[in-house]
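A quick write-up on the structure given underneath.
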Number of protein chains: 2
Amino acid sequence: MKFELSQEFLDQLTDEIGVKNNAAISEKIGQLHPADIADVMENLSVDQAKYIYELLDEELAAESLMELDEEIREQLLKLFSPEEIAEQADNLDSDDAADLLGELPEDEIDEVIAQMEDREHASEVTELLNYDEDTAGGLMQSEFMCANWNWPVDKAVVELRKQAENVEKVYTIYIVDDEQHLKGILSLKSLLFASPETPVREIYKERDLHIAKTHDSSQEVVSLMEKYDLVSLPVVDRQNKLVGRITIDDVVDVIREEAEKDFQMASGISENVETSAGVLKHTRSRLPWLIIGLGGGIASSQIIKGYEGQIEINPSLAFFIPLIASTAGNVGVQSSAIIVQGLASKDFQFNGIFKQVGKESMIGLLVGFICSVIIFGVSYFLDADINLGITIGVSLFLVVIVAAILGAFIPLFLNRIKIDPALATGPFITTANDIIGLTIYFIVAYIVYL
Amino acid sequence: MKFELSQEFLDQLTDEIGVKNNAAISEKIGQLHPADIADVMENLSVDQAKYIYELLDEELAAESLMELDEEIREQLLKLFSPEEIAEQADNLDSDDAADLLGELPEDEIDEVIAQMEDREHASEVTELLNYDEDTAGGLMQSEFMCANWNWPVDKAVVELRKQAENVEKVYTIYIVDDEQHLKGILSLKSLLFASPETPVREIYKERDLHIAKTHDSSQEVVSLMEKYDLVSLPVVDRQNKLVGRITIDDVVDVIREEAEKDFQMASGISENVETSAGVLKHTRSRLPWLIIGLGGGIASSQIIKGYEGQIEINPSLAFFIPLIASTAGNVGVQSSAIIVQGLASKDFQFNGIFKQVGKESMIGLLVGFICSVIIFGVSYFLDADINLGITIGVSLFLVVIVAAILGAFIPLFLNRIKIDPALATGPFITTANDIIGLTIYFIVAYIVYL
């Protein structure tokens with residue numbers, strides 16, 4: 001029942017693939033959950049994966065395909081003819097089928113759709129392909145259960161039983177009028193426990209009906225489902241007709257992807273990349289921020305060059321360049337992270353930009369004071385040069401405050417002009433603060449040593 | 001139906017609270033979803049929040065309380081007597097009630113439990129309080145629907161109808177034997193569409209039954225529910241008796257919290273802190289890594305000091321200190337982020353440490369080569385000093401490779417010795433790489449200028 005992938009299991013399976021012992025292979029994997037089969041396939045070569053794939057039941061095969069890591073699915077699909085891909089699409093829910101087709105080259109999509117057997121399903125999938133994947137339309141599936149509000153419970157049960165064959169997971173029944181306009185929801189619980197002749201109209205709920213429109217962003221869908229703890233969300237088109245539903249498992253995937261994207265962005269990785277991606281793809285995703293960082297480093301070098309005279313007189317000033325730059329970077333990253341997180345969870349609805357920046361200034365003041373005192377003490381102890389101690393202590397204090405304010409301000413500003421604030425975390429803030437920090441440092445030094 | 005909090009709404013509400021127009025207040029908020037009421041309360045003063053809170057229906061009030069931001073709930077609870085808190089706990093699901101009580105001081109908990117009216121509920125809650133909040137037991141609720149496998153469908157429907165009153169959201173019915181051992185699941189769909197006299201034993205499903213044990217970690221629960229797209233997960237105790245269930249909305253919260261924790265850790269924030277927390281709490285969460293960073297800065301200063309002679313001869317060497325240090329930091333953060341993410345999504349089950357470190361070395365080689373060529377060109381153009389160009393180019397190349405390898409190795413190593421690998425991202429890696437990067441830089445300079 002509980003499957004744990006082991007090296008032993010893989011070795012046995014590989015042996016059986018080697019000798020084409022199909023009965024043994026089917027017995028081993030035919031009863032597994034698609035997610036487990038995908039795990040197994042990810043740990044085999046593409047050819048081995050294809051071999052066991054072809055031994056699976058049609059439906060199980062299609063579902064396992066969708067559970068695969070995207071990179072590996074892509075490799076596998078290259079071995080398939082359009083006809084074979086169409087067969088998979090026939091066996092998938094409309095949203096998964098649309099996702100699958102969306103990964104194919106443009107010209108292949110039409111060919112696959114033309115080959116699909118279930119024409120109604122094919123047209124549903126075609127419909128879904130029109131939506132941007134970051135919208136409610138892109139997340140929804142066309143399979144859902146709905147009942148007309150004029151039906152009595154017993155008729156509804158009969159009709160719903162027919163629909164149930166196509167709907168994998170049923171959480172809620174949507175109640176519509178004759179024009180397919182969404183009127184409310186009916187829980188399976190109420191349907192189960194109502195008497196047969198009651199009209200649906202009398203037991204459905206209008207309250208707590210949450211609806212997405214096809215063009216709502218996936219971010220809006222996530223907020224709505226997360227805030228109201230929904231397991232499914234009906235989707236209506238521009239005419240308010242019910243056209244689909246979004247289920248929580250897809251939203252969990254979106255939450256996970258968003259979190260990974262933010263985490264990567266904060267770490268200076270510019271395109272969403274899986275750990276399993278190739279060396280070239282990883283390199284490409286890392287270069288942009290590194291090159292911007294190099295630009296920042298070159299700018300810093302020119303600032304220091306401008307103060308070359310001071311360094312010649314006081315070489316000790318050069319010693320603390322990394323300390324100033326890295327502290328500025330660290331403080332900036334901390335405050336931008338808090339702001340980005342606050343923006344993501346919509347904590348600032350009615351707290352303006354100024355209030356947040358003010359708060360970060362206070363934190364900067366406190367943090368800066370503590371750091372300055374420490375570093376003044378240490379540098380004095382190390383060098384016994386009171387001027388150097390003052391220079392480092394004062395500039396660190398100023399640098400920390402400025403870094404905290406900038407770290408708060410930049411993401412808030414980006415958000416205001418509708419740019420993803422997460423862009424402002426990580427290397428961007430670090431680079432900006434390096435430059436500003438060094439400038440402050442040398443100005444303070446100039447004044448102290450005047 | 002769709003509620004959007006506006007400043008106007010808040011102003012009107014504040015006015016009505018001022019003149020104690022209770023009818024108008026109730027009309028405004030009595031029909032809202034608990035999550036929306038919580039939003040409203042978070043934008044009022046504590047006293048105003050308490051005022052409207054007391055006008056709500058008992059159950060709505062308790063649910064709104066649980067939707068509040070933790071900091072604000074804490075403030076509000078301070079205004080409540082143990083008896084009043086007990087009333088809230090009576091109106092909550094067992095898991096929410098346990099969470100609520102868990103936030104109280106130890107001595108108050110017993111008092112509240114003693115005051116709870118529903119004694120059975122009180123003992124369920126007491127039971128739940130025994131579990132660590134990071135375990136399946138800490139996440140589960142005692143409300144679920146279960147049917148004995150010996151019952152026919154019609155009896156099951158009658159029994160389940162009784163249970164349904166206490167269970168807010170029904171997704172799945174658990175099937176148990178006479179000893180309360182979990183045997184399988186029954187979807188509402190199957191129950192709804194089965195004929196009345198069929199024994200439950202014949203329609204329940206054993207396949208795809210996923211179970212958590214009370215002592216499983218919340219991380220295991222999340223993986224299980226995410227991997228298999230579950231909306232609820234039954235929990236059994238050490239004797240395999242069914243004791244609770246975990247629903248997807250609670251797991252979504254865990255995923256969100258985990259993601260925030262990782263993001264904060266990568267940004268050098270050492271304790272989980274809400275954006276709305278106070279200045280002192282923020283300061284406390286930021287100081288540890290900053291002080292470690294200062295330590296790194298001081299270490300860097302001593303390294304540079306060791307090469308003071310070189311800087312006196314070639315002051316230009318000082319110019320590129322920030323470039324070397326920041327690039328080392330950026331590269332290290334990128335590669336540690338990818339590894340941490342890979343570890344979180346369990347991508348490396350069968351790819352050993354060496355394979356990943358090897359891959360990061362390749363990426364480092366490529367990235368390092370490109371960055372070196374760029375920086376050699378730029379520095380030569382800026383200074384026309386071939387030795388300086390060679391020093392920077394060669395040391396940057398080496399620094400990038402070392403940073404990439406360390407960035408990959410450290411989180412993998414921490415994970416191996418069972419320490420959260422996310423600790424290795426952000427400031428830790430930056431600081432370590434600053435020091436190593438500068439050492440490499442000055443050694444290369446020493447050789448080039450020899």
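By order in the structure tokens, chains are A, B, ...; within a chain, residues start at 1; ligands start at 1, following the order shown.
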I'd like a table as JSON lines: residues in chain B with an atom no more than 6 Å from chain A, each row giving the shortest atom pair and its distance in Å to one decimal, only C-alpha atoms counted, sorted by chain and rising residue number.
```
{"residue": "B:Asp229", "atom": "CA", "partner": "A:Asp249", "partner_atom": "CA", "distance": 5.4}
{"residue": "B:Asp249", "atom": "CA", "partner": "A:Asp229", "partner_atom": "CA", "distance": 5.4}
{"residue": "B:Ala259", "atom": "CA", "partner": "A:Ala259", "partner_atom": "CA", "distance": 5.9}
{"residue": "B:Phe263", "atom": "CA", "partner": "A:Phe263", "partner_atom": "CA", "distance": 5.7}
{"residue": "B:Ser267", "atom": "CA", "partner": "A:Gln334", "partner_atom": "CA", "distance": 5.3}
{"residue": "B:Thr275", "atom": "CA", "partner": "A:Gly342", "partner_atom": "CA", "distance": 5.5}
{"residue": "B:Val279", "atom": "CA", "partner": "A:Ile363", "partner_atom": "CA", "distance": 5.7}
{"residue": "B:Thr283", "atom": "CA", "partner": "A:Ile363", "partner_atom": "CA", "distance": 5.8}
{"residue": "B:Gly297", "atom": "CA", "partner": "A:Leu323", "partner_atom": "CA", "distance": 3.9}
{"residue": "B:Ser301", "atom": "CA", "partner": "A:Phe319", "partner_atom": "CA", "distance": 4.3}
{"residue": "B:Ile304", "atom": "CA", "partner": "A:Phe319", "partner_atom": "CA", "distance": 5.5}
{"residue": "B:Phe319", "atom": "CA", "partner": "A:Ser301", "partner_atom": "CA", "distance": 4.3}
{"residue": "B:Phe320", "atom": "CA", "partner": "A:Ser301", "partner_atom": "CA", "distance": 5.4}
{"residue": "B:Pro322", "atom": "CA", "partner": "A:Gly297", "partner_atom": "CA", "distance": 5.8}
{"residue": "B:Leu323", "atom": "CA", "partner": "A:Gly297", "partner_atom": "CA", "distance": 3.9}
{"residue": "B:Val333", "atom": "CA", "partner": "A:Ser267", "partner_atom": "CA", "distance": 5.8}
{"residue": "B:Gln334", "atom": "CA", "partner": "A:Ser267", "partner_atom": "CA", "distance": 5.3}
{"residue": "B:Ile338", "atom": "CA", "partner": "A:Thr275", "partner_atom": "CA", "distance": 5.9}
{"residue": "B:Gly342", "atom": "CA", "partner": "A:Thr275", "partner_atom": "CA", "distance": 5.5}
{"residue": "B:Ile363", "atom": "CA", "partner": "A:Val279", "partner_atom": "CA", "distance": 5.7}
```
Assign secondary structure with DSSP using the backbone only, and return the residues of range 83-282 of chain B in strand (DSSP E) as a tab-separated table (two decimals) with C-alpha atoms, in the first residue's frame.
```tsv
chain	number	residue	atom	x	y	z
B	146	CYS	CA	-16.44	6.95	9.56
B	147	ALA	CA	-18.56	3.90	8.87
B	148	ASN	CA	-18.21	0.32	9.97
B	172	THR	CA	-14.15	11.18	2.38
B	173	ILE	CA	-15.72	8.60	4.64
B	174	TYR	CA	-13.32	6.34	6.46
B	175	ILE	CA	-14.19	2.68	6.72
B	176	VAL	CA	-13.22	0.87	9.90
B	182	LEU	CA	-8.82	1.81	9.33
B	183	LYS	CA	-9.62	-0.49	6.41
B	184	GLY	CA	-10.17	1.88	3.53
B	185	ILE	CA	-12.01	4.89	2.22
B	186	LEU	CA	-15.38	5.51	0.69
B	187	SER	CA	-15.97	8.57	-1.41
B	212	ALA	CA	-0.39	9.20	8.48
B	213	LYS	CA	0.64	8.13	11.95
B	232	SER	CA	-7.83	14.78	3.45
B	233	LEU	CA	-5.60	12.28	5.14
B	234	PRO	CA	-6.65	9.89	7.90
B	235	VAL	CA	-4.42	9.66	10.96
B	236	VAL	CA	-3.98	6.51	13.04
B	242	LEU	CA	-8.26	5.83	13.41
B	243	VAL	CA	-8.03	8.94	15.60
B	244	GLY	CA	-8.30	11.91	13.27
B	245	ARG	CA	-7.95	13.44	9.86
B	246	ILE	CA	-5.92	16.24	8.34
B	247	THR	CA	-7.56	18.46	5.75
```
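CA of Glu143 in chain B is found 6.6 Å from CA of Asn166 in chain B.
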message = Need the shell around range 98-103 of chain B: protein/DNA/RNA residues with any atom at most 12 Å away, counting only C-alpha atoms. Skip same-chain ones fewer than 4 positions apart. Format as a PyMOL selection string?
response = chain B and resi 62-63+65-68+70-71+73-75+77-78+82+85-94+107-113+116+121-134+137-142+250
Output the selection as an mmCIF file, in the first residue's frame - C-alpha atoms for each residue.
```
data_model
loop_
_atom_site.group_PDB
_atom_site.id
_atom_site.type_symbol
_atom_site.label_atom_id
_atom_site.label_comp_id
_atom_site.auth_asym_id
_atom_site.auth_seq_id
_atom_site.Cartn_x
_atom_site.Cartn_y
_atom_site.Cartn_z
ATOM 1 C CA ALA B 62 -14.975 31.767 17.175
ATOM 2 C CA GLU B 63 -14.152 31.127 13.528
ATOM 3 C CA LEU B 65 -10.939 34.624 15.909
ATOM 4 C CA MET B 66 -8.982 31.769 14.315
ATOM 5 C CA GLU B 67 -8.617 33.696 11.047
ATOM 6 C CA LEU B 68 -6.958 36.623 12.799
ATOM 7 C CA GLU B 70 -1.601 35.628 15.509
ATOM 8 C CA GLU B 71 -0.217 38.857 16.988
ATOM 9 C CA ARG B 73 -5.408 37.408 18.313
ATOM 10 C CA GLU B 74 -2.978 37.440 21.200
ATOM 11 C CA GLN B 75 -3.841 41.051 22.036
ATOM 12 C CA LEU B 77 -7.356 37.207 23.990
ATOM 13 C CA LYS B 78 -5.743 39.212 26.759
ATOM 14 C CA PRO B 82 -10.900 32.034 30.768
ATOM 15 C CA ILE B 85 -12.121 31.692 25.879
ATOM 16 C CA ALA B 86 -13.720 28.365 26.820
ATOM 17 C CA GLU B 87 -16.862 29.474 25.010
ATOM 18 C CA GLN B 88 -14.819 30.061 21.827
ATOM 19 C CA ALA B 89 -13.151 26.677 22.184
ATOM 20 C CA ASP B 90 -16.558 25.017 22.488
ATOM 21 C CA ASN B 91 -17.537 26.505 19.155
ATOM 22 C CA LEU B 92 -14.407 25.507 17.263
ATOM 23 C CA ASP B 93 -13.349 22.288 15.572
ATOM 24 C CA SER B 94 -11.049 20.304 17.824
ATOM 25 C CA ASP B 107 -1.561 27.751 33.636
ATOM 26 C CA GLU B 108 -4.449 29.339 31.753
ATOM 27 C CA ILE B 109 -4.937 26.276 29.523
ATOM 28 C CA ASP B 110 -6.174 24.054 32.355
ATOM 29 C CA GLU B 111 -8.549 26.719 33.540
ATOM 30 C CA VAL B 112 -10.044 27.124 30.083
ATOM 31 C CA ILE B 113 -10.434 23.378 29.613
ATOM 32 C CA MET B 116 -15.557 24.157 28.534
ATOM 33 C CA HIS B 121 -15.117 18.019 23.023
ATOM 34 C CA ALA B 122 -12.941 19.173 25.900
ATOM 35 C CA SER B 123 -11.343 15.760 26.224
ATOM 36 C CA GLU B 124 -10.734 15.572 22.454
ATOM 37 C CA VAL B 125 -9.033 18.935 22.625
ATOM 38 C CA THR B 126 -6.973 17.889 25.647
ATOM 39 C CA GLU B 127 -5.895 14.829 23.698
ATOM 40 C CA LEU B 128 -4.810 16.935 20.721
ATOM 41 C CA LEU B 129 -2.814 19.270 22.959
ATOM 42 C CA ASN B 130 -0.478 16.372 23.712
ATOM 43 C CA TYR B 131 0.873 16.301 20.189
ATOM 44 C CA ASP B 132 3.768 18.407 19.008
ATOM 45 C CA GLU B 133 2.414 20.990 16.558
ATOM 46 C CA ASP B 134 4.889 19.841 13.907
ATOM 47 C CA GLY B 137 -1.176 14.610 15.565
ATOM 48 C CA GLY B 138 -0.711 18.354 15.900
ATOM 49 C CA LEU B 139 -2.347 18.995 12.537
ATOM 50 C CA MET B 140 -5.273 16.609 12.756
ATOM 51 C CA GLN B 141 -8.794 17.201 13.957
ATOM 52 C CA SER B 142 -10.936 14.688 15.822
ATOM 53 C CA ASP B 250 -4.319 23.149 7.082
#
```
Residue contacts of Gly30 in chain B (9 Å, only C-alpha atoms) excluding same-chain residues fewer than 4 positions away, as a count of residues only = 7
